[in-house]
$ cat model17.cif   # mmCIF, C-alpha atoms and all ligand atoms
data_structure
loop_
_atom_site.group_PDB
_atom_site.id
_atom_site.type_symbol
_atom_site.label_atom_id
_atom_site.label_comp_id
_atom_site.auth_asym_id
_atom_site.auth_seq_id
_atom_site.Cartn_x
_atom_site.Cartn_y
_atom_site.Cartn_z
ATOM 1 C CA MET M 1 7.669 8.151 -13.025
ATOM 2 C CA VAL M 2 9.967 10.273 -15.134
ATOM 3 C CA GLU M 3 11.664 8.217 -17.801
ATOM 4 C CA GLY M 4 15.295 7.514 -16.984
ATOM 5 C CA GLU M 5 15.228 8.180 -13.254
ATOM 6 C CA SER M 6 13.894 4.735 -12.533
ATOM 7 C CA SER M 7 15.748 2.724 -15.134
ATOM 8 C CA GLY M 8 16.231 -0.914 -14.271
ATOM 9 C CA LYS M 9 13.965 -0.704 -11.250
ATOM 10 C CA VAL M 10 11.689 -3.401 -9.877
ATOM 11 C CA CYS M 11 8.467 -2.303 -8.136
ATOM 12 C CA LEU M 12 6.231 -4.571 -6.103
ATOM 13 C CA VAL M 13 2.661 -3.560 -5.290
ATOM 14 C CA THR M 14 0.532 -5.649 -2.937
ATOM 15 C CA GLY M 15 -3.231 -5.662 -3.371
ATOM 16 C CA ALA M 16 -2.615 -4.718 -7.008
ATOM 17 C CA GLY M 17 -5.627 -6.632 -8.320
ATOM 18 C CA ARG M 18 -8.101 -3.761 -8.046
ATOM 19 C CA GLY M 19 -8.826 -0.381 -6.504
ATOM 20 C CA ILE M 20 -5.963 1.726 -5.204
ATOM 21 C CA GLY M 21 -3.323 -0.985 -5.764
ATOM 22 C CA ARG M 22 -4.308 -1.342 -9.397
ATOM 23 C CA ALA M 23 -3.973 2.420 -9.911
ATOM 24 C CA ILE M 24 -0.561 2.419 -8.177
ATOM 25 C CA ALA M 25 0.728 -0.508 -10.260
ATOM 26 C CA ASN M 26 -0.386 1.287 -13.426
ATOM 27 C CA ILE M 27 1.111 4.651 -12.517
ATOM 28 C CA LEU M 28 4.492 3.155 -11.542
ATOM 29 C CA ALA M 29 4.780 1.314 -14.879
ATOM 30 C CA ALA M 30 7.424 3.020 -17.016
ATOM 31 C CA PRO M 31 10.166 2.138 -19.473
ATOM 32 C CA ASN M 32 12.794 -0.094 -17.814
ATOM 33 C CA VAL M 33 10.594 -0.693 -14.782
ATOM 34 C CA ALA M 34 9.258 -4.162 -13.958
ATOM 35 C CA VAL M 35 6.067 -4.055 -11.912
ATOM 36 C CA ILE M 36 5.265 -7.124 -9.833
ATOM 37 C CA CYS M 37 1.516 -7.164 -9.174
ATOM 38 C CA VAL M 38 0.637 -9.128 -6.044
ATOM 39 C CA SER M 39 -2.870 -9.983 -4.945
ATOM 40 C CA LYS M 40 -4.762 -12.750 -3.220
ATOM 41 C CA SER M 41 -6.717 -13.436 -6.379
ATOM 42 C CA GLU M 42 -4.554 -14.752 -9.216
ATOM 43 C CA ALA M 43 -7.093 -13.703 -11.847
ATOM 44 C CA ASN M 44 -7.168 -10.085 -10.645
ATOM 45 C CA CYS M 45 -3.416 -9.512 -10.434
ATOM 46 C CA ALA M 46 -2.879 -11.340 -13.744
ATOM 47 C CA ALA M 47 -5.407 -8.999 -15.381
ATOM 48 C CA VAL M 48 -3.618 -5.918 -14.035
ATOM 49 C CA ALA M 49 -0.229 -7.238 -15.205
ATOM 50 C CA ASP M 50 -1.823 -7.801 -18.661
ATOM 51 C CA GLU M 51 -3.160 -4.234 -18.578
ATOM 52 C CA ILE M 52 0.367 -2.897 -17.943
ATOM 53 C CA ARG M 53 1.933 -5.097 -20.636
ATOM 54 C CA ASP M 54 -0.749 -3.937 -23.093
ATOM 55 C CA ARG M 55 0.538 -0.392 -22.489
ATOM 56 C CA GLY M 56 4.018 -1.594 -23.544
ATOM 57 C CA PHE M 57 5.615 -1.891 -20.096
ATOM 58 C CA SER M 58 6.975 -4.849 -18.162
ATOM 59 C CA ALA M 59 4.837 -6.556 -15.526
ATOM 60 C CA GLU M 60 4.466 -9.890 -13.790
ATOM 61 C CA HIS M 61 1.926 -11.180 -11.317
ATOM 62 C CA MET M 62 1.977 -13.359 -8.229
ATOM 63 C CA ALA M 63 -0.932 -14.636 -6.155
ATOM 64 C CA VAL M 64 0.151 -14.317 -2.512
ATOM 65 C CA ASP M 65 -1.898 -14.213 0.679
ATOM 66 C CA VAL M 66 -0.119 -11.323 2.413
ATOM 67 C CA SER M 67 -1.571 -12.317 5.784
ATOM 68 C CA SER M 68 0.623 -15.436 5.777
ATOM 69 C CA ALA M 69 4.246 -14.936 6.876
ATOM 70 C CA ASP M 70 5.279 -18.149 5.102
ATOM 71 C CA ALA M 71 3.554 -17.218 1.848
ATOM 72 C CA VAL M 72 5.281 -13.808 1.841
ATOM 73 C CA ALA M 73 8.686 -15.333 2.655
ATOM 74 C CA ASN M 74 8.304 -17.895 -0.154
ATOM 75 C CA ALA M 75 7.225 -15.201 -2.616
ATOM 76 C CA CYS M 76 10.199 -13.003 -1.687
ATOM 77 C CA ARG M 77 12.590 -15.938 -2.117
ATOM 78 C CA ALA M 78 11.204 -16.581 -5.602
ATOM 79 C CA ILE M 79 11.357 -12.883 -6.544
ATOM 80 C CA LEU M 80 14.932 -12.445 -5.294
ATOM 81 C CA SER M 81 16.071 -15.520 -7.227
ATOM 82 C CA LYS M 82 14.948 -13.721 -10.385
ATOM 83 C CA HIS M 83 15.578 -10.029 -9.610
ATOM 84 C CA ALA M 84 18.596 -8.464 -7.861
ATOM 85 C CA ALA M 85 16.257 -6.544 -5.557
ATOM 86 C CA VAL M 86 12.850 -5.000 -5.228
ATOM 87 C CA ASP M 87 13.681 -1.285 -5.374
ATOM 88 C CA ILE M 88 10.197 0.075 -4.744
ATOM 89 C CA LEU M 89 7.852 -1.680 -2.318
ATOM 90 C CA ILE M 90 4.245 -0.563 -1.958
ATOM 91 C CA ASN M 91 2.444 -2.227 0.943
ATOM 92 C CA ASN M 92 -1.131 -1.554 -0.122
ATOM 93 C CA ALA M 93 -3.136 -4.774 0.470
ATOM 94 C CA GLY M 94 -5.768 -4.308 3.127
ATOM 95 C CA ILE M 95 -9.160 -5.390 4.382
ATOM 96 C CA ALA M 96 -11.770 -4.024 6.776
ATOM 97 C CA ARG M 97 -13.921 -6.214 9.038
ATOM 98 C CA ASP M 98 -15.957 -3.632 10.968
ATOM 99 C CA ASN M 99 -17.698 -4.306 14.242
ATOM 100 C CA LEU M 100 -18.224 -2.708 17.610
ATOM 101 C CA LEU M 101 -15.490 -3.797 19.983
ATOM 102 C CA MET M 102 -17.924 -5.641 22.265
ATOM 103 C CA ARG M 103 -19.074 -7.761 19.322
ATOM 104 C CA MET M 104 -15.719 -8.120 17.589
ATOM 105 C CA SER M 105 -14.502 -11.683 17.150
ATOM 106 C CA ASP M 106 -10.883 -12.745 17.509
ATOM 107 C CA ASP M 107 -10.925 -13.576 13.813
ATOM 108 C CA GLU M 108 -12.103 -10.064 12.870
ATOM 109 C CA TRP M 109 -9.276 -8.620 14.955
ATOM 110 C CA ASP M 110 -6.543 -11.043 13.828
ATOM 111 C CA SER M 111 -7.354 -11.026 10.112
ATOM 112 C CA VAL M 112 -7.359 -7.207 9.927
ATOM 113 C CA LEU M 113 -4.106 -6.905 11.885
ATOM 114 C CA SER M 114 -2.318 -9.593 9.880
ATOM 115 C CA THR M 115 -3.498 -8.354 6.458
ATOM 116 C CA ASN M 116 -2.993 -4.619 7.030
ATOM 117 C CA LEU M 117 -0.068 -4.468 9.460
ATOM 118 C CA SER M 118 1.911 -7.712 9.830
ATOM 119 C CA SER M 119 2.069 -7.939 6.029
ATOM 120 C CA CYS M 120 4.099 -4.682 5.996
ATOM 121 C CA PHE M 121 6.543 -6.229 8.453
ATOM 122 C CA HIS M 122 6.949 -9.455 6.455
ATOM 123 C CA TRP M 123 7.397 -7.873 2.996
ATOM 124 C CA THR M 124 9.753 -5.194 4.299
ATOM 125 C CA LYS M 125 11.833 -7.588 6.372
ATOM 126 C CA ASN M 126 12.263 -10.030 3.492
ATOM 127 C CA LEU M 127 13.133 -7.395 0.874
ATOM 128 C CA LEU M 128 15.059 -4.764 2.830
ATOM 129 C CA TYR M 129 18.524 -6.362 2.861
ATOM 130 C CA ARG M 130 18.898 -6.259 -0.947
ATOM 131 C CA MET M 131 17.563 -2.686 -0.978
ATOM 132 C CA VAL M 132 20.144 -1.683 1.636
ATOM 133 C CA LYS M 133 22.917 -3.308 -0.410
ATOM 134 C CA ARG M 134 21.924 -1.207 -3.434
ATOM 135 C CA ARG M 135 21.767 1.946 -1.302
ATOM 136 C CA TRP M 136 18.531 3.084 -2.950
ATOM 137 C CA GLY M 137 14.980 2.199 -2.141
ATOM 138 C CA ARG M 138 11.467 3.477 -1.755
ATOM 139 C CA ILE M 139 8.858 2.007 0.563
ATOM 140 C CA VAL M 140 5.339 3.417 0.705
ATOM 141 C CA ASN M 141 2.829 1.935 3.121
ATOM 142 C CA VAL M 142 -0.881 2.542 2.680
ATOM 143 C CA SER M 143 -2.417 3.620 5.982
ATOM 144 C CA SER M 144 -5.705 5.508 6.408
ATOM 145 C CA VAL M 145 -6.924 8.724 8.024
ATOM 146 C CA VAL M 146 -8.730 6.375 10.414
ATOM 147 C CA GLY M 147 -5.280 5.380 11.734
ATOM 148 C CA ILE M 148 -4.911 9.024 12.821
ATOM 149 C CA THR M 149 -8.417 9.785 14.081
ATOM 150 C CA GLY M 150 -9.819 6.370 15.102
ATOM 151 C CA ASN M 151 -13.319 5.452 13.952
ATOM 152 C CA PHE M 152 -16.543 4.091 15.396
ATOM 153 C CA GLY M 153 -16.772 0.348 14.692
ATOM 154 C CA GLN M 154 -13.227 0.136 13.339
ATOM 155 C CA SER M 155 -10.988 -0.482 16.361
ATOM 156 C CA ASN M 156 -9.223 -3.327 14.522
ATOM 157 C CA TYR M 157 -8.729 -1.376 11.284
ATOM 158 C CA ALA M 158 -7.738 1.871 13.051
ATOM 159 C CA ALA M 159 -5.239 -0.008 15.251
ATOM 160 C CA ALA M 160 -3.711 -1.664 12.187
ATOM 161 C CA LYS M 161 -3.502 1.591 10.224
ATOM 162 C CA ALA M 162 -2.045 3.488 13.221
ATOM 163 C CA GLY M 163 0.451 0.639 13.507
ATOM 164 C CA VAL M 164 1.373 1.134 9.850
ATOM 165 C CA ILE M 165 2.276 4.757 10.633
ATOM 166 C CA GLY M 166 4.447 3.799 13.631
ATOM 167 C CA PHE M 167 6.100 1.079 11.561
ATOM 168 C CA THR M 168 6.752 3.527 8.705
ATOM 169 C CA LYS M 169 8.396 6.107 10.965
ATOM 170 C CA SER M 170 10.566 3.496 12.700
ATOM 171 C CA ILE M 171 11.837 1.902 9.479
ATOM 172 C CA ALA M 172 12.410 5.380 8.037
ATOM 173 C CA ARG M 173 14.803 6.046 10.921
ATOM 174 C CA GLU M 174 16.514 2.661 10.527
ATOM 175 C CA THR M 175 17.127 3.081 6.784
ATOM 176 C CA ALA M 176 17.597 6.839 6.303
ATOM 177 C CA SER M 177 21.390 6.624 6.021
ATOM 178 C CA ARG M 178 21.131 3.967 3.291
ATOM 179 C CA GLY M 179 19.411 5.968 0.567
ATOM 180 C CA ILE M 180 16.029 4.447 1.374
ATOM 181 C CA THR M 181 12.915 6.472 2.096
ATOM 182 C CA VAL M 182 9.913 5.058 3.934
ATOM 183 C CA ASN M 183 6.668 6.996 3.900
ATOM 184 C CA ALA M 184 2.960 6.377 4.266
ATOM 185 C CA VAL M 185 -0.135 7.678 2.553
ATOM 186 C CA ALA M 186 -3.363 8.053 4.492
ATOM 187 C CA PRO M 187 -6.355 8.017 2.156
ATOM 188 C CA GLY M 188 -9.674 9.375 3.374
ATOM 189 C CA PHE M 189 -12.767 8.029 1.590
ATOM 190 C CA ILE M 190 -11.818 6.728 -1.829
ATOM 191 C CA GLN M 191 -14.232 5.242 -4.357
ATOM 192 C CA THR M 192 -13.269 1.543 -4.529
ATOM 193 C CA ASP M 193 -14.845 -1.855 -3.786
ATOM 194 C CA MET M 194 -13.931 -1.279 -0.113
ATOM 195 C CA THR M 195 -16.306 1.687 0.105
ATOM 196 C CA SER M 196 -18.891 0.608 -2.494
ATOM 197 C CA ASN M 197 -21.281 -0.895 0.081
ATOM 198 C CA LEU M 198 -21.789 2.310 2.070
ATOM 199 C CA GLY M 199 -25.432 3.391 1.957
ATOM 200 C CA GLU M 200 -26.527 6.736 0.467
ATOM 201 C CA SER M 201 -27.164 8.320 3.867
ATOM 202 C CA ILE M 202 -23.718 7.278 5.134
ATOM 203 C CA VAL M 203 -22.093 8.765 2.035
ATOM 204 C CA ALA M 204 -24.097 11.985 2.525
ATOM 205 C CA ASP M 205 -22.860 12.152 6.147
ATOM 206 C CA LEU M 206 -19.310 11.523 5.033
ATOM 207 C CA LEU M 207 -19.453 14.253 2.420
ATOM 208 C CA ARG M 208 -20.511 16.783 5.069
ATOM 209 C CA ASN M 209 -17.167 16.089 6.823
ATOM 210 C CA ILE M 210 -15.060 16.385 3.682
ATOM 211 C CA PRO M 211 -14.265 20.042 2.905
ATOM 212 C CA MET M 212 -13.918 19.206 -0.809
ATOM 213 C CA ARG M 213 -17.412 17.576 -0.678
ATOM 214 C CA THR M 214 -16.413 14.640 -2.846
ATOM 215 C CA LEU M 215 -14.914 11.162 -2.419
ATOM 216 C CA GLY M 216 -11.391 10.669 -3.719
ATOM 217 C CA THR M 217 -10.312 8.366 -6.521
ATOM 218 C CA ALA M 218 -7.714 5.611 -6.643
ATOM 219 C CA ASP M 219 -5.762 7.821 -9.063
ATOM 220 C CA ASP M 220 -5.581 10.585 -6.425
ATOM 221 C CA VAL M 221 -3.802 8.158 -4.094
ATOM 222 C CA ALA M 222 -1.611 6.705 -6.855
ATOM 223 C CA ALA M 223 -0.339 10.182 -7.802
ATOM 224 C CA ALA M 224 0.936 10.799 -4.253
ATOM 225 C CA VAL M 225 2.566 7.366 -4.166
ATOM 226 C CA LYS M 226 4.267 8.041 -7.493
ATOM 227 C CA PHE M 227 5.695 11.290 -6.113
ATOM 228 C CA LEU M 228 7.027 9.566 -2.976
ATOM 229 C CA CYS M 229 8.754 6.977 -5.216
ATOM 230 C CA SER M 230 10.440 9.603 -7.414
ATOM 231 C CA ASP M 231 14.012 10.836 -7.142
ATOM 232 C CA GLU M 232 12.544 14.284 -6.414
ATOM 233 C CA ALA M 233 11.145 12.963 -3.118
ATOM 234 C CA GLY M 234 14.524 11.601 -2.044
ATOM 235 C CA TYR M 235 14.778 13.918 0.993
ATOM 236 C CA ILE M 236 11.339 13.039 2.350
ATOM 237 C CA THR M 237 11.176 10.136 4.776
ATOM 238 C CA GLY M 238 9.057 9.129 7.753
ATOM 239 C CA HIS M 239 6.082 11.183 6.631
ATOM 240 C CA VAL M 240 2.406 10.567 6.135
ATOM 241 C CA ILE M 241 0.570 12.287 3.276
ATOM 242 C CA ASN M 242 -3.184 12.516 3.805
ATOM 243 C CA ILE M 243 -5.199 12.213 0.594
ATOM 244 C CA ASP M 244 -8.606 13.052 1.944
ATOM 245 C CA GLY M 245 -10.074 16.230 0.445
ATOM 246 C CA GLY M 246 -9.129 18.142 3.603
ATOM 247 C CA MET M 247 -10.946 15.834 6.029
ATOM 248 C CA VAL M 248 -8.097 15.567 8.544
ATOM 249 C CA MET M 249 -5.804 18.564 8.888
HETATM 250 P P1 LIG H 301 -9.989 -3.048 -2.313
HETATM 251 O O1 LIG H 301 -10.772 -3.926 -1.424
HETATM 252 O O2 LIG H 301 -10.619 -2.515 -3.558
HETATM 253 O O3 LIG H 301 -8.623 -3.766 -2.742
HETATM 254 C C1 LIG H 301 -7.818 -4.410 -1.797
HETATM 255 C C2 LIG H 301 -6.806 -5.272 -2.502
HETATM 256 O O4 LIG H 301 -6.060 -5.961 -1.493
HETATM 257 C C3 LIG H 301 -7.434 -6.320 -3.403
HETATM 258 O O5 LIG H 301 -6.648 -6.458 -4.573
HETATM 259 C C4 LIG H 301 -7.337 -7.585 -2.572
HETATM 260 O O6 LIG H 301 -7.212 -8.780 -3.328
HETATM 261 C C5 LIG H 301 -6.036 -7.342 -1.812
HETATM 262 N N1 LIG H 301 -5.984 -8.153 -0.614
HETATM 263 C C6 LIG H 301 -6.838 -8.156 0.441
HETATM 264 N N2 LIG H 301 -6.448 -9.110 1.317
HETATM 265 C C7 LIG H 301 -5.340 -9.689 0.805
HETATM 266 C C8 LIG H 301 -4.496 -10.736 1.222
HETATM 267 N N3 LIG H 301 -4.692 -11.392 2.382
HETATM 268 N N4 LIG H 301 -3.460 -11.092 0.431
HETATM 269 C C9 LIG H 301 -3.238 -10.459 -0.732
HETATM 270 N N5 LIG H 301 -3.995 -9.468 -1.192
HETATM 271 C C10 LIG H 301 -5.043 -9.087 -0.428
HETATM 272 O O7 LIG H 301 -9.463 -1.884 -1.377
HETATM 273 P P2 LIG H 301 -8.864 -0.435 -1.720
HETATM 274 O O8 LIG H 301 -9.900 0.549 -1.388
HETATM 275 O O9 LIG H 301 -8.199 -0.425 -3.047
HETATM 276 O O10 LIG H 301 -7.766 -0.363 -0.556
HETATM 277 C C11 LIG H 301 -6.370 -0.429 -0.772
HETATM 278 C C12 LIG H 301 -5.673 0.016 0.502
HETATM 279 O O11 LIG H 301 -6.072 1.355 0.800
HETATM 280 C C13 LIG H 301 -6.027 -0.820 1.720
HETATM 281 O O12 LIG H 301 -4.891 -0.976 2.526
HETATM 282 C C14 LIG H 301 -7.056 0.032 2.430
HETATM 283 O O13 LIG H 301 -7.115 -0.249 3.797
HETATM 284 C C15 LIG H 301 -6.522 1.407 2.130
HETATM 285 N N6 LIG H 301 -7.535 2.475 2.259
HETATM 286 C C16 LIG H 301 -8.626 2.514 1.470
HETATM 287 C C17 LIG H 301 -9.546 3.546 1.617
HETATM 288 C C18 LIG H 301 -10.781 3.665 0.782
HETATM 289 O O14 LIG H 301 -11.585 4.557 1.052
HETATM 290 N N7 LIG H 301 -10.977 2.844 -0.227
HETATM 291 C C19 LIG H 301 -9.325 4.512 2.599
HETATM 292 C C20 LIG H 301 -8.191 4.440 3.388
HETATM 293 C C21 LIG H 301 -7.290 3.422 3.209
#
$ encode --input "model17.cif" --output "structure tokens"
Amino acid sequence: MVEGESSGKVCLVTGAGRGIGRAIANILAAPNVAVICVSKSEANCAAVADEIRDRGFSAEHMAVDVSSADAVANACRAILSKHAAVDILINNAGIARDNLLMRMSDDEWDSVLSTNLSSCFHWTKNLLYRMVKRRWGRIVNVSSVVGITGNFGQSNYAAAKAGVIGFTKSIARETASRGITVNAVAPGFIQTDMTSNLGESIVADLLRNIPMRTLGTADDVAAAVKFLCSDEAGYITGHVINIDGGMVM
């Protein structure tokens, strides 16, 4: 973020403990910006907040299970008792629990929907009012190219990520006149813990479908998120940026 444009801003990144969220939390850190790193694991988000403070910026951490409406509401209450508002909200936390539909359990369905999609609803609902009052805000939701194309064995994940896109576009319309932009990023295959268990032959197959013939990095995604949070992106709302090496055009 360009120094000055974001002065006095508070950013909140969910799933900030590792992977893409960690890269986003790090790239949004800047002078006069407080980054709140949220993750399920206290140790992970505390380590990322330490990392940011070691670079001379302001950061705090909070262990919150984003799949719980009550936990999110309590966290937002605590945050808003300390900060006037969260100006930049990045809904990044997500999980995959893959299975063929005929074998998919209710728990596999529910946990993926609540972690990836309902969490966006709860964080946004709890934080939006203060953003609206300040007449400036940035919300970026992390979807997936799978939310656009669907994927074998991922009906729960694809439904959640498609839902994230519909949610993004709807809230963009509701908030556009208030100086708030709401956009989504749709990563393709990014090298993180989420994709680390894919076998060599699966990766080889994947690479054949990626015109750039390489997996992306968490920093590739973070760079797009940083742009969407900048003042320069103030006239862009309701959009989805694919970060996928050309996989889905
Ligand atoms: P990751 O598994 O490395 O990290 C996910 C983060 O979310 C972790 O910090 C984890 O603690 C947190 N998290 C998971 N469940 C949570 C919960 N209930 N409460 C709080 N925090 C929780 O995954 P990643 O690859 O960094 O993925 C980040 C986002 O990007 C996810 O939404 C994912 O669906 C999306 N995505 C990833 C890829 C990819 O290829 N890695 C592709 C498309 C989309």
$ atom_distance --input "model17.cif" --atom1 "CA of Asn32 (chain M)" --atom2 "CA of Gly56 (chain M)"
10.6 Å
$ closest_residue --input "model17.cif" --among "M:Ala16, M:Cys11, M:Glu174, M:Tyr129" --to "Ser58 (chain M)" --atoms "all atoms listed in the file"
M:Cys11
$ axis_aligned_box --input "model17.cif" --around "region 119-126 of chain M" --padding-each-side "4 Å" --output "lines of an AutoDock Vina configuration file"
center_x = 7.2
center_y = -7.4
center_z = 5.7
size_x = 18.2
size_y = 13.3
size_z = 13.5
$ residues_near_ligand --input "model17.cif" --ligand "ligand LIG 301 (chain H)" --cutoff "8 Å" --atoms "only C-alpha atoms and all ligand atoms" --output "number ranges by chain"
M: 14-22, 38-41, 44-45, 63-68, 91-96, 115-116, 142-146, 157, 161, 186-195, 216, 218
$ closest_residue --input "model17.cif" --among "M:Thr168, M:Ser105, M:Thr175, M:Asn99" --to "Leu117 (chain M)" --atoms "only C-alpha atoms"
M:Thr168
$ atom_distance --input "model17.cif" --atom1 "CA of Asn183 (chain M)" --atom2 "CA of Ala162 (chain M)"
13.2 Å
$ atom_distance --input "model17.cif" --atom1 "CA of Ala172 (chain M)" --atom2 "CA of Ile236 (chain M)"
9.6 Å
$ closest_residue --input "model17.cif" --among "M:Ala25, M:Leu215, M:Val248, M:Ile88" --to "Ile180 (chain M)" --atoms "only C-alpha atoms"
M:Ile88
$ resolve_selection --input "model17.cif" --expression "the PyMOL selection byres (((chain M and resi 222) around 8) and not hetatm)" --output "count of residues only"
13
$ closest_residue --input "model17.cif" --among "M:Ile90, M:Val10, M:Ala84, M:Val112" --to "Gly163 (chain M)" --atoms "all atoms listed in the file"
M:Val112
$ closest_residue --input "model17.cif" --among "M:Met62, M:Ser155, M:Ala29, M:Arg97" --to "Ala46 (chain M)" --atoms "only C-alpha atoms"
M:Met62
$ closest_residue --input "model17.cif" --among "M:Met212, M:Ile165, M:Ala158, M:Leu12" --to "Ala34 (chain M)" --atoms "all atoms listed in the file"
M:Leu12
$ residues_around --input "model17.cif" --residues "Ala184 (chain M)" --least-positions-apart "5" --cutoff "6 Å" --atoms "all atoms listed in the file" --output "VMD selection string"
chain M and resid 140 to 142 240
$ write_last_selection --input "model17.cif" --atoms "C-alpha atoms" --output "PDB file, in the coordinates of the input"
ATOM      1  CA  VAL M 140       5.339   3.417   0.705  1.00  0.00           C
ATOM      2  CA  ASN M 141       2.829   1.935   3.121  1.00  0.00           C
ATOM      3  CA  VAL M 142      -0.881   2.542   2.680  1.00  0.00           C
ATOM      4  CA  VAL M 240       2.406  10.567   6.135  1.00  0.00           C
TER       5      VAL M 240
END
$ residues_around --input "model17.cif" --residues "Lys9 (chain M)" --least-positions-apart "6" --cutoff "12 Å" --atoms "all atoms listed in the file" --output "NGL selection string"
:M and (1 or 3 or 28-36 or 58-59 or 83-89 or 131 or 134 or 136-138 or 229-230)
$ residues_around --input "model17.cif" --residues "His122 (chain M)" --least-positions-apart "5" --cutoff "8 Å" --atoms "only C-alpha atoms" --output "number ranges by chain"
M: 69, 72-73
$ write_last_selection --input "model17.cif" --atoms "C-alpha atoms" --output "mmCIF file, keeping the file's coordinate frame"
data_model
loop_
_atom_site.group_PDB
_atom_site.id
_atom_site.type_symbol
_atom_site.label_atom_id
_atom_site.label_comp_id
_atom_site.auth_asym_id
_atom_site.auth_seq_id
_atom_site.Cartn_x
_atom_site.Cartn_y
_atom_site.Cartn_z
ATOM 1 C CA ALA M 69 4.246 -14.936 6.876
ATOM 2 C CA VAL M 72 5.281 -13.808 1.841
ATOM 3 C CA ALA M 73 8.686 -15.333 2.655
#
$ build_atoms --input "model17.cif" --residues "region 234-248 of chain M" --atoms "N, CA, C and O atoms" --output "compact mmCIF listing (two decimals), in the frame of the given file"
# COMPACT_ATOMS: atom_id res chain seq x y z
N GLY M 234 13.45 12.32 -2.74
CA GLY M 234 14.52 11.60 -2.04
C GLY M 234 14.89 12.14 -0.67
O GLY M 234 15.58 11.47 0.10
N TYR M 235 14.45 13.35 -0.33
CA TYR M 235 14.78 13.92 0.99
C TYR M 235 13.56 13.90 1.92
O TYR M 235 13.51 14.59 2.93
N ILE M 236 12.56 13.14 1.53
CA ILE M 236 11.34 13.04 2.35
C ILE M 236 11.25 11.62 2.89
O ILE M 236 11.15 10.66 2.13
N THR M 237 11.34 11.47 4.19
CA THR M 237 11.18 10.14 4.78
C THR M 237 10.49 10.23 6.13
O THR M 237 10.60 11.24 6.83
N GLY M 238 9.74 9.19 6.46
CA GLY M 238 9.06 9.13 7.75
C GLY M 238 7.80 9.96 7.82
O GLY M 238 7.30 10.28 8.90
N HIS M 239 7.26 10.32 6.65
CA HIS M 239 6.08 11.18 6.63
C HIS M 239 4.81 10.45 6.21
O HIS M 239 4.86 9.38 5.62
N VAL M 240 3.71 11.09 6.53
CA VAL M 240 2.41 10.57 6.14
C VAL M 240 1.72 11.64 5.31
O VAL M 240 1.58 12.78 5.78
N ILE M 241 1.32 11.33 4.09
CA ILE M 241 0.57 12.29 3.28
C ILE M 241 -0.90 11.88 3.31
O ILE M 241 -1.26 10.77 2.92
N ASN M 242 -1.74 12.78 3.81
CA ASN M 242 -3.18 12.52 3.80
C ASN M 242 -3.74 12.85 2.42
O ASN M 242 -3.46 13.92 1.89
N ILE M 243 -4.56 11.96 1.89
CA ILE M 243 -5.20 12.21 0.59
C ILE M 243 -6.69 12.08 0.87
O ILE M 243 -7.27 10.99 0.77
N ASP M 244 -7.29 13.17 1.32
CA ASP M 244 -8.61 13.05 1.94
C ASP M 244 -9.52 14.25 1.72
O ASP M 244 -10.50 14.43 2.45
N GLY M 245 -9.20 15.08 0.73
CA GLY M 245 -10.07 16.23 0.44
C GLY M 245 -10.17 17.21 1.60
O GLY M 245 -11.15 17.93 1.73
N GLY M 246 -9.16 17.18 2.50
CA GLY M 246 -9.13 18.14 3.60
C GLY M 246 -9.82 17.66 4.86
O GLY M 246 -9.99 18.42 5.82
N MET M 247 -10.19 16.38 4.89
CA MET M 247 -10.95 15.83 6.03
C MET M 247 -10.19 15.92 7.35
O MET M 247 -10.75 16.28 8.39
N VAL M 248 -8.91 15.56 7.33
CA VAL M 248 -8.10 15.57 8.54
C VAL M 248 -6.92 16.51 8.31
O VAL M 248 -6.11 16.29 7.42
